[in-house]
Structures are given as C-alpha cells and as structure tokens.
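J.: A single structure is presented below for examination.
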Protein chains: 2
Amino acid sequence: MSVSAKRIALAARPKGEPKPSDFRLEDYVAPVLGEGQVLLRTIWLSLDPYMRGRMNDAASYSAPVPLDGVMEGGTVCEVIASNFADLAPGDIVLAHSGWQTLAVADGKMVRKVDTSLGPISTAVGILGMPGMTAYTGLLDIGQPKAGETVVVAAASGAVGSAVGQIAMIKGARAVGIAGGKDKCDYVKNELGFADCIDHRDPDFAAKLKAACPNGIDVYFENVGGAVFEAVFPLLNFFARIPVCGLIAQYSDTADSTPKWAGSMMRTILTKRLAIRGFIVSDFASRRGDFLRDMSGWVKDGKVKYKECITDGLENAPTAFMGLLKGSNFGKQLVRVGPDKV
Amino acid sequence: MSVSAKRIALAARPKGEPKPSDFRLEDYVAPVLGEGQVLLRTIWLSLDPYMRGRMNDAASYSAPVPLDGVMEGGTVCEVIASNFADLAPGDIVLAHSGWQTLAVADGKMVRKVDTSLGPISTAVGILGMPGMTAYTGLLDIGQPKAGETVVVAAASGAVGSAVGQIAMIKGARAVGIAGGKDKCDYVKNELGFADCIDHRDPDFAAKLKAACPNGIDVYFENVGGAVFEAVFPLLNFFARIPVCGLIAQYSDTADSTPKWAGSMMRTILTKRLAIRGFIVSDFASRRGDFLRDMSGWVKDGKVKYKECITDGLENAPTAFMGLLKGSNFGKQLVRVGPDKV
C-alpha cells in the first residue's frame with residue numbers, strides 16, 4: 001500500500017527570522033508499511049518555539065532538521081493502518097510525525113491518547129509537552145512556596161499560562177508578561193494572575209517592578225532578551241530560574257550581549273541564584289504525576305487553557321512565523337485534518 | 001578594665017585593586033567588658049578573598065565595613081577575660097573579631113574550638129570556613145559522581161585544594177588550575193590531582209581542554225574572568241557550577257563583559273547547566289557532617305592542607321593585597337600573637 005500525501009519541507013536554513021521561502025509545500029508518497037509500523041493521518045499539528053532551533057545547522061538538544069527534510073513537530077493522529085499489534089485503525093495517538101498529512105511511524109514510538117482526559121488536541125497542549133514543561137520546570141526546578149512571587153513571560157501561551165496557574169495552585173502570587181492589552185487582560189481576568197505587564201509598554205521595566213513589590217522568587221524563563229534584562233534586577237536572594245526557552249533570541253544571528261552580562265555571575269553569587277536549563281524529557285519519570293495532577297486541575301477548572309487554531313497544513317509556515325513574533329493568542333495548533341473522516 | 005591594642009582600619013574605599021593607603025594601622029583602647037562579653041587576644045587572623053567585597057560600599061552578602069571601621073575577618077583567639085558563663089580565660093575560640101590584636105565580643109557570638117581535631121589554625125582553614133565552603137559547595141551543589149571530571153581554580157588555595165581532594169574521595173577525577181609551576185607541581189604531586197594547568201600559560205585554554213578529554217561535569221567557580229571563559233565551552237550536558245567566588249573580578253571597576261556572555265543563557269538551556277551561587281552560611285546545618293568527615297579525612301591523610309603564614313598584624317594589608325593577586329601559596333594566615341603568652 002502506498003498513498004500520496006502533502007508535507008512541508010525545510011527549503012533553506014533561515015538567516016535570522018524565518019521567511020516563507022524557507023519552507024516548501026510538496027507532495028510525497030508515504031512509504032509502504034514495514035513490520036511493526038503504523039500509518040498515521042495527522043489531525044493536529046503542534047507548533048512550538050523550539051522548532052526554530054531545529055531549523056539551524058547547530059548543535060542543540062538534538063539533531064537539526066536536514067535540508068529538504070520534513071519539518072519536525074508533535075502531532076495527534078488517527079491510526080489508519082497498522083502492522084503493530086498494540087494499535088488498530090481508529091486509535092488516536094500522540095506522535096512526533098512532523099508537518100505532513102500522513103506519516104509512517106514505528107508503533108512503539110507513538111503513544112495512545114487517553115481520550116477520556118479531554119479533547120484530543122490537549123495531548124499536544126495542556127496535557128502534553130507544553131503542560132508538562134510548565135509542570136516540571138516550575139515544580140521541580142522553580143519550587144514555588146506559598147506567598148512567593150512567580151513571574152512568567154508569554155503568559156497567555158501554552159507554557160506560560162500553565163506556569164502561572166500552577167503557581168497559584170501552590171499558593172504563590174503569579175505575575176505575567178505578555179504582548180498587548182488583549183493578552184494581558186485575558187491573563188488577569190480569565191486566568192486570575194495578580195497582574196500582567198505588557199512588554200511592549202515603554203515603561204515595561206518600571207511597571208514590572210511595581211507589580212512585584214516583594215521582588216521575584218521564581219522567574220520561569222521562556223523568552224530571554226529584554227524581558228530577562230528587566231527581570232534580573234528584581235530577583236530576590238535565593239531566587240530560582242528554570243530556563244525553558246529563549247524565544248526572543250532564537251533568530252539572533254549574532255551573540256547579543258546585554259548590558260548586564262558582565263555582572264551576571266556576580267549577582268548569581270551575591271544573591272545565591274539558582275539557574276538551571278531543562279527540557280521536558282529530562283523529567284520523563286514525572287509523566288504519571290503530571291497527567292494525574294494536570295487532568296484533575298483542568299477538570300476542576302483550576303487550570304484553563306486557550307487554543308489558537310490555524311486551518312490547513314499549507315498555512316503552518318505562516319502560523320509558525322507568527323508564533324515566533326507572538327501573533328498567536330493561546331496554544332498554536334494547526335488543524336491538518338478533521339477529527340473523523 | 002580597659003587595655004590598649006592595635007587594629008587595622010579601612011582608611012579609604014579602594015578603586016580597583018586595594019593599595020597600602022586604603023588601610024591604616026592604629027592604636028585603640030578596647031572597651032570595658034559588658035555583661036555576657038569576653039575579651040579576646042587574637043592568635044590567628046584569616047585572610048580571605050571575600051573581604052575585598054566588604055571594602056566596597058555596595059550591597060553584597062552583608063553590610064560593608066564602614067569607613068574608618070576595623071577590617072572584618074575570622075580569627076582564632078584566646079579568651080583572656082570573661083563575663084560569659086560558658087567561657088573561661090585560656091579557652092581557644094573561633095571569632096569574627098577582625099584585624100586587631102584584642103577584641104571584645106559577645107560570648108554567644110564566638111565558638112569554642114575543639115583543639116583535639118588539629119592545630120588551632122585549622123579552625124579558620126581546612127576545619128573552618130574555607131574547608132566547609134569546599135565541602136558544602138562541592139557535595140551539596142556540585143554533587144560529583146564517580147568517574148566525572150571536577151575542575152577547580154585556585155587549586156593550591158584553602159578552598160580549591162579541599163574541593164579537588166574531596167572530589168577524589170568521591171571517585172571523581174580532579175583537574176586543578178593554579179598560577180605558576182610551583183603551585184601546579186604541588187597540586188599534582190602532593191595533592192594527587194590528575195592534572196593542574198597554569199592559567200598564566202599562553203596556551204592555557206588548549207591545555208585545559210586537553211586535560212579534560214571527557215569534558216567538565218562540575219566546575220567549582222571561585223575565580224571568574226578569563227578562567228571561566230576557558231571552562232565554559234568544555235562544560236558537559238547537565239554540568240553543575242557552584243558559584244563560590246569570583247576573585248579575578250573583585251577589583252573590576254567596570255562591568256566586564258566577556259565575549260561569550262550573550263550566548264551564556266543559550267548554553268545553559270541547551271546543555272541544561274545548573275549554576276547556583278552560595279555562601280557557606282547557607283549550609284549551616286551541615287556543620288556537624290563537615291567536621292566529622294573533614295577531621296577524619298585530615299587524620300587519615302586523605303586531605304592535606306598548606307598554610308601560608310605572615311607574621312604580625314601590621315603586615316596583614318600586604319598579605320591581603322598579595323592574596324588577591326595569588327602571591328600566597330596555601331591558606332593565607334596572619335600570626336597576630338603567639339599560641340601562648
């Protein structure tokens with residue numbers, strides 16, 4: 001059996017911000033299923049900031065996407081043919097099958113989605129990689145205590161919104177940073193953060209300081225750049241900084257050298273800061289705890305989430321370029337195909 | 001009772017490196033003993049890099065030394081008069097009584113030295129603050145595992161020599177950095193480090209890399225500056241960096257901005273580094289463990305230490321200025337008075 005499909009390949013390695021010509025929509029024929037493999041129909045494609053790093057030809061967490069290779073990404077798929085004993089057509093699975101309408105995958109590399117926990121799109125959102133990134137980074141590294149101040153940027157996004165809400169569940173005070181009034185209003189009024197500051201505001205640094213009268217105990221770092229520069233002087237003694245992402249720096253072509261860089265180590269010393277980078281797979285053993293807690297919080301209404309849906313695989317590049325600029329509002333998804341065909 | 005004594009006051013706040021005129025040797029009359037106080041005769045004064053920070057008028061761990069105030073420092077003293085029930089004349093105590101020949105202290109602020117553990121000078125050395133700094137920073141933050149590579153600078157000094165020897169006790173491979181052939185030979189031949197690289201060598205960075213063929217898993221940071229720049233690219237995934245001191249930067253008048261600063265956060269993220277500042281008092285609860293382990297290791301010959309003794313309080317400024325430049329070889333002490341009078 002071979003079937004034709006569409007995919008988006010990496011046409012060129014971006015210099016700075018990605019542009020449309022860095023991507024190429026193309027037809028391809030899915031390979032014949034081998035032993036132990038499944039054929040997947042993509043329903044949801046997750047777009048996430050880390051993908052920008054994979055477009056570079058540089059060492060990062062893992063190997064870059066090869067030139068002319070299919071763009072990488074987490075997906076929620078329906079099994080439509082199976083040579084793998086534990087999966088049958090109709091099963092919904094979490095895969096890492098990339099920007100394509102159909103994919104062949106090893107059955108043991110995909111994970112069946114428990115559809116009783118929530119809408120299947122949450123398997124790449126609040127109940128998936130972004131939610132677990134927030135959960136492990138905040139709880140295992142940030143370790144917020146009741147009464148402490150937790151600051152997170154991209155606060156209306158998939159990770160940031162979960163970070164702030166988990167912080168509040170733990171009794172901490174959550175202060176968000178987001179781009180624009182609509183996002184800030186949502187973070188304050190819908191999610192219940194104590195405050196949310198617009199990083200585009202010319203008085204951003206002063207307003208952030210005013211929103212954190214007791215300083216900052218945990219800064220969940222997912223943007224870097226100018227936001228980090230405003231946060232750094234507000235960090236309290238013994239503050240913890242889980243470093244999850246640096247979206248503001250991903251398209252830098254030269255090393256940016258913030259003004260405060262020379263004194264950073266000195267401040268780490270005198271304030272006894274703890275700064276630790278992580279990716280979600282470092283905490284794979286916490287998956288059971290995460291799914292139990294987070295699905296409960298979502299069901300109880302303690303954790304809310306917002307999705308930003310783009311229709312059609314062909315629109316994934318535009319959605320992704322927007323994500324890097326903060327044009328999305330909520331977890332960015334691409335609806336590649338309908339839930340049922 | 002009032003008695004005349006000598007002390008060294010902070011005459012001026014140094015700009016950059018301290019110079020002789022920043023210190024002033026002066027006579028003073030020790031105040032009359034109040035209730036609960038003791039009169040102390042200084043035997044050993046410990047000189048330590050952190051004192052440079054106290055000479056600045058800037059927030060650090062604790063308040064700066066006031067202008068014209070006595071220079072701060074840890075001491076080993078004999079009690080010569082006591083209004084405090086638990087201490088009697090002749091007792092040897094650990095105090096923080098500064099650069100002076102006599103001092104009045106609250107009895108509850110000093111700690112009786114267990115003279116059975118070693119020579120009393122070790123109470124401000126291997127069995128005191130420097131030893132405990134090495135022990136807690138390395139074990140509680142660095143957490144070296146057998147077979148890992150631990151790198152420490154100022155490797156012939158009070159803290160660095162203990163760091164490397166404890167690392168070896170834990171089965172790790174210790175690589176030192178020191179200034180000059182004599183110190184490097186001592187670190188390799190006497191202390192048994194796998195290697196020791198001279199940071200004055202024009203090929204320092206290349207030689208350090210060659211000495212760490214498997215990269216660096218723990219870097220105990222006590223110098224900063226150019227040494228950190230050479231270490232940083234060699235750090236392995238999941239490396240830990242206890243930040244204990246930055247002696248190479250203490251006299252910087254401007255923020256130094258190393259070339260790599262802009263990419264530092266990016267590397268923390270991709271390599272999932274853990275960087276944490278500390279001072280020994282953060283681990284006060286580990287004092288019992290430290291004294292038990294370290295005194296045992298010293299008695300067994302597993303941890304050796306070297307003292308660099310300067311005679312006479314009046315020579316403390318010169319010794320301290322030398323310490324900041326690495327002129328000392330071993331733990332820098334000033335013999336202010338004889339063991340017994």
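So you can find residues: chains in the structure tokens are A, B, ... in the order shown, residues in each start at 1, and ligands are numbered from 1 in order.
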Please build the interface table for region 147-247 of chain A against region 292-305 of chain A with a cut-off of 10 Å, listing for each qualifying residue the nearest atom pair and the distance in Å to one decimal; count only C-alpha atoms, order rows by chain and increasing number, and write it as JSON lines.

T.:
{"residue": "A:Ser156", "atom": "CA", "partner": "A:Tyr305", "partner_atom": "CA", "distance": 8.7}
{"residue": "A:Gly157", "atom": "CA", "partner": "A:Tyr305", "partner_atom": "CA", "distance": 8.6}
{"residue": "A:Ala158", "atom": "CA", "partner": "A:Tyr305", "partner_atom": "CA", "distance": 7.3}
{"residue": "A:Val159", "atom": "CA", "partner": "A:Tyr305", "partner_atom": "CA", "distance": 9.7}
{"residue": "A:Ser161", "atom": "CA", "partner": "A:Tyr305", "partner_atom": "CA", "distance": 7.2}
{"residue": "A:Ala162", "atom": "CA", "partner": "A:Val303", "partner_atom": "CA", "distance": 6.9}
{"residue": "A:Val163", "atom": "CA", "partner": "A:Val303", "partner_atom": "CA", "distance": 9.7}
{"residue": "A:Gly164", "atom": "CA", "partner": "A:Val303", "partner_atom": "CA", "distance": 9.4}
{"residue": "A:Gln165", "atom": "CA", "partner": "A:Val303", "partner_atom": "CA", "distance": 5.9}
{"residue": "A:Ile166", "atom": "CA", "partner": "A:Val303", "partner_atom": "CA", "distance": 7.4}
{"residue": "A:Met168", "atom": "CA", "partner": "A:Lys302", "partner_atom": "CA", "distance": 9.2}
{"residue": "A:Ile169", "atom": "CA", "partner": "A:Lys302", "partner_atom": "CA", "distance": 7.5}
{"residue": "A:Glu190", "atom": "CA", "partner": "A:Lys304", "partner_atom": "CA", "distance": 8.3}
{"residue": "A:Leu191", "atom": "CA", "partner": "A:Lys304", "partner_atom": "CA", "distance": 6.8}

J.: Can you write out the residues you just picked, keeping N, CA and C atoms, as a compact mmCIF listing (two decimals), in the first residue's frame?

T.:
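Listing of selection-v1.txt after writing:
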# COMPACT_ATOMS: atom_id res chain seq x y z
N SER A 156 0.16 34.25 28.18
CA SER A 156 -1.09 33.75 27.62
C SER A 156 -0.84 32.51 26.77
N GLY A 157 0.41 32.11 26.65
CA GLY A 157 0.77 31.00 25.78
C GLY A 157 0.62 29.65 26.47
N ALA A 158 0.96 28.62 25.71
CA ALA A 158 0.72 27.25 26.17
C ALA A 158 1.47 26.95 27.46
N VAL A 159 2.74 27.32 27.53
CA VAL A 159 3.53 27.02 28.71
C VAL A 159 3.29 28.07 29.81
N SER A 161 0.89 30.18 30.50
CA SER A 161 -0.41 30.21 31.18
C SER A 161 -0.49 29.09 32.21
N ALA A 162 0.09 27.93 31.88
CA ALA A 162 0.08 26.82 32.84
C ALA A 162 1.01 27.11 34.02
N VAL A 163 2.15 27.72 33.74
CA VAL A 163 3.10 28.04 34.83
C VAL A 163 2.41 28.90 35.88
N GLY A 164 1.76 29.98 35.44
CA GLY A 164 1.14 30.89 36.39
C GLY A 164 0.01 30.24 37.17
N GLN A 165 -0.78 29.42 36.50
CA GLN A 165 -1.91 28.79 37.18
C GLN A 165 -1.45 27.73 38.18
N ILE A 166 -0.40 26.99 37.83
CA ILE A 166 0.14 26.02 38.79
C ILE A 166 0.73 26.77 39.99
N MET A 168 -0.25 29.52 41.24
CA MET A 168 -1.36 29.95 42.12
C MET A 168 -1.93 28.77 42.90
N ILE A 169 -2.02 27.61 42.27
CA ILE A 169 -2.48 26.41 42.99
C ILE A 169 -1.57 26.13 44.18
N GLU A 190 -9.17 36.30 33.05
CA GLU A 190 -9.62 34.92 32.84
C GLU A 190 -8.79 33.93 33.66
N LEU A 191 -7.48 34.14 33.66
CA LEU A 191 -6.62 33.17 34.35
C LEU A 191 -6.40 33.55 35.82

J.: Fewer than 5 positions away in the same chain doesn't count, so skip those; otherwise give me all residues within 9 Å of region 171-175 of chain A, counting only C-alpha atoms, as a VMD selection string.

T.: chain A and resid 144 to 153 155 163 to 166 188 192 to 197 208 211 to 212

J.: Quick one: pick out all strand (DSSP E) residues within region 32-261 of chain B from a backbone DSSP run and write them as a VMD selection string.

T.: chain B and resid 37 to 46 75 to 82 92 to 95 102 to 106 111 to 112 149 to 152 173 to 178 195 to 198 216 to 220 235 to 243

J.: What's around Val113 (chain B) at 12 Å? Count only C-alpha atoms, leave out sequence neighbours fewer than 3 positions away in its own chain, and write the answer as a list of chain:residue names.

T.: B:Thr75, B:Val76, B:Cys77, B:Glu78, B:Val79, B:Leu87, B:Gly90, B:Asp91, B:Ile92, B:Val93, B:Leu94, B:Ala95, B:Val110, B:Ser116, B:Leu117, B:Gly118, B:Pro119, B:Ile120, B:Ser121, B:Thr122, B:Ala123, B:Val124, B:Leu127, B:Gly128, B:Leu291

J.: Please produce a file of the residues just selected, as a compact mmCIF listing (two decimals), in the first residue's frame, where the atoms kept are C-alpha atoms.

T.:
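Result saved to result38.txt:
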# COMPACT_ATOMS: atom_id res chain seq x y z
CA THR B 75 40.05 34.81 63.92
CA VAL B 76 41.25 32.18 66.34
CA CYS B 77 41.62 33.79 69.76
CA GLU B 78 42.40 33.07 73.38
CA VAL B 79 39.87 34.24 75.94
CA LEU B 87 33.85 30.63 78.60
CA GLY B 90 42.57 30.20 78.38
CA ASP B 91 39.78 28.89 76.19
CA ILE B 92 40.52 28.92 72.46
CA VAL B 93 37.63 30.26 70.38
CA LEU B 94 36.68 30.94 66.80
CA ALA B 95 35.51 34.54 66.43
CA VAL B 110 32.06 33.00 69.46
CA SER B 116 41.67 17.75 69.70
CA LEU B 117 40.78 17.94 65.99
CA GLY B 118 44.02 19.57 64.83
CA PRO B 119 46.27 22.62 65.19
CA ILE B 120 44.12 25.58 66.19
CA SER B 121 44.93 27.45 62.96
CA THR B 122 42.81 24.86 61.10
CA ALA B 123 39.72 26.35 62.74
CA VAL B 124 39.91 29.12 60.14
CA LEU B 127 38.35 22.65 59.51
CA GLY B 128 36.78 26.10 59.25
CA LEU B 291 33.53 18.49 60.94

J.: For Pro49 (chain A), please output as an mmCIF file with N, CA and C atoms, in the first residue's frame all residues within 12 Å (counting only C-alpha atoms; exclusion window: fewer than 6 positions along the same chain).

T.:
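The file below, part-v4.cif, is the result:
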data_model
loop_
_atom_site.group_PDB
_atom_site.id
_atom_site.type_symbol
_atom_site.label_atom_id
_atom_site.label_comp_id
_atom_site.auth_asym_id
_atom_site.auth_seq_id
_atom_site.Cartn_x
_atom_site.Cartn_y
_atom_site.Cartn_z
ATOM 1 N N MET A 55 15.750 24.352 12.934
ATOM 2 C CA MET A 55 15.974 24.824 11.561
ATOM 3 C C MET A 55 17.422 25.258 11.353
ATOM 4 N N GLU A 72 9.892 19.129 11.660
ATOM 5 C CA GLU A 72 9.628 18.271 12.802
ATOM 6 C C GLU A 72 8.487 18.846 13.651
ATOM 7 N N GLY A 73 7.759 17.977 14.351
ATOM 8 C CA GLY A 73 6.739 18.505 15.249
ATOM 9 C C GLY A 73 5.885 17.416 15.878
ATOM 10 N N PRO A 130 3.712 20.985 26.252
ATOM 11 C CA PRO A 130 3.764 22.317 26.895
ATOM 12 C C PRO A 130 3.321 22.285 28.360
ATOM 13 N N ALA A 154 5.338 35.348 28.155
ATOM 14 C CA ALA A 154 4.471 34.616 27.225
ATOM 15 C C ALA A 154 3.332 33.998 28.036
ATOM 16 N N GLY A 157 0.407 32.113 26.650
ATOM 17 C CA GLY A 157 0.768 30.996 25.780
ATOM 18 C C GLY A 157 0.618 29.646 26.467
ATOM 19 N N ALA A 158 0.957 28.617 25.711
ATOM 20 C CA ALA A 158 0.724 27.252 26.168
ATOM 21 C C ALA A 158 1.474 26.948 27.464
ATOM 22 N N VAL A 159 2.738 27.320 27.529
ATOM 23 C CA VAL A 159 3.533 27.021 28.713
ATOM 24 C C VAL A 159 3.294 28.068 29.808
ATOM 25 N N ASN A 222 11.298 31.799 29.564
ATOM 26 C CA ASN A 222 10.998 31.219 28.263
ATOM 27 C C ASN A 222 11.126 32.227 27.118
ATOM 28 N N VAL A 223 11.631 33.414 27.426
ATOM 29 C CA VAL A 223 11.775 34.384 26.336
ATOM 30 C C VAL A 223 13.174 34.978 26.195
ATOM 31 N N CYS A 244 13.745 27.512 30.302
ATOM 32 C CA CYS A 244 12.950 26.626 29.464
ATOM 33 C C CYS A 244 13.061 26.993 28.005
ATOM 34 N N GLY A 245 13.251 28.273 27.730
ATOM 35 C CA GLY A 245 13.312 28.713 26.351
ATOM 36 C C GLY A 245 13.749 30.155 26.279
ATOM 37 N N LEU A 246 14.118 30.587 25.085
ATOM 38 C CA LEU A 246 14.628 31.946 24.879
ATOM 39 C C LEU A 246 14.100 32.453 23.549
ATOM 40 N N ILE A 247 12.766 32.451 23.403
ATOM 41 C CA ILE A 247 12.182 32.695 22.088
ATOM 42 C C ILE A 247 12.635 34.020 21.493
ATOM 43 N N ALA A 248 12.900 35.013 22.341
ATOM 44 C CA ALA A 248 13.303 36.323 21.827
ATOM 45 C C ALA A 248 14.684 36.281 21.205
ATOM 46 N N GLN A 249 15.449 35.242 21.487
ATOM 47 C CA GLN A 249 16.821 35.175 20.993
ATOM 48 C C GLN A 249 17.010 34.135 19.881
ATOM 49 N N TYR A 250 15.964 33.367 19.573
ATOM 50 C CA TYR A 250 16.177 32.232 18.668
ATOM 51 C C TYR A 250 16.621 32.639 17.277
ATOM 52 N N SER A 251 16.205 33.814 16.838
ATOM 53 C CA SER A 251 16.574 34.220 15.486
ATOM 54 C C SER A 251 17.739 35.197 15.473
ATOM 55 N N ALA A 319 1.656 30.443 10.318
ATOM 56 C CA ALA A 319 1.325 30.359 11.745
ATOM 57 C C ALA A 319 2.593 30.281 12.591
ATOM 58 N N PHE A 320 3.579 29.540 12.096
ATOM 59 C CA PHE A 320 4.819 29.386 12.856
ATOM 60 C C PHE A 320 5.601 30.695 12.906
ATOM 61 N N MET A 321 5.659 31.391 11.783
ATOM 62 C CA MET A 321 6.365 32.686 11.777
ATOM 63 C C MET A 321 5.665 33.667 12.715
ATOM 64 N N GLY A 322 4.340 33.591 12.769
ATOM 65 C CA GLY A 322 3.588 34.434 13.699
ATOM 66 C C GLY A 322 3.874 34.074 15.150
ATOM 67 N N LEU A 323 3.965 32.773 15.420
ATOM 68 C CA LEU A 323 4.255 32.309 16.782
ATOM 69 C C LEU A 323 5.558 32.908 17.306
ATOM 70 N N LEU A 324 6.572 32.957 16.441
ATOM 71 C CA LEU A 324 7.870 33.488 16.870
ATOM 72 C C LEU A 324 7.793 34.977 17.182
ATOM 73 N N LYS A 325 6.785 35.652 16.603
ATOM 74 C CA LYS A 325 6.604 37.088 16.867
ATOM 75 C C LYS A 325 5.522 37.340 17.904
ATOM 76 N N GLY A 326 4.912 36.284 18.414
ATOM 77 C CA GLY A 326 3.861 36.466 19.416
ATOM 78 C C GLY A 326 2.504 36.824 18.828
ATOM 79 N N ASN A 328 0.260 34.723 17.829
ATOM 80 C CA ASN A 328 -0.755 33.762 18.323
ATOM 81 C C ASN A 328 -1.287 34.220 19.664
ATOM 82 N N LYS A 331 -2.319 28.458 22.815
ATOM 83 C CA LYS A 331 -1.530 27.360 22.246
ATOM 84 C C LYS A 331 -1.747 27.268 20.739
ATOM 85 N N GLN A 332 -0.674 27.384 19.956
ATOM 86 C CA GLN A 332 -0.792 27.386 18.497
ATOM 87 C C GLN A 332 -0.894 25.968 17.949
#

J.: Quote the spacing between CA of Phe23 (chain B) and CA of Cys308 (chain B) in Å to one decimal place.

T.: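 CA of Cys308 (chain B) lies at a distance of 21.2 Å from CA of Phe23 (chain B).
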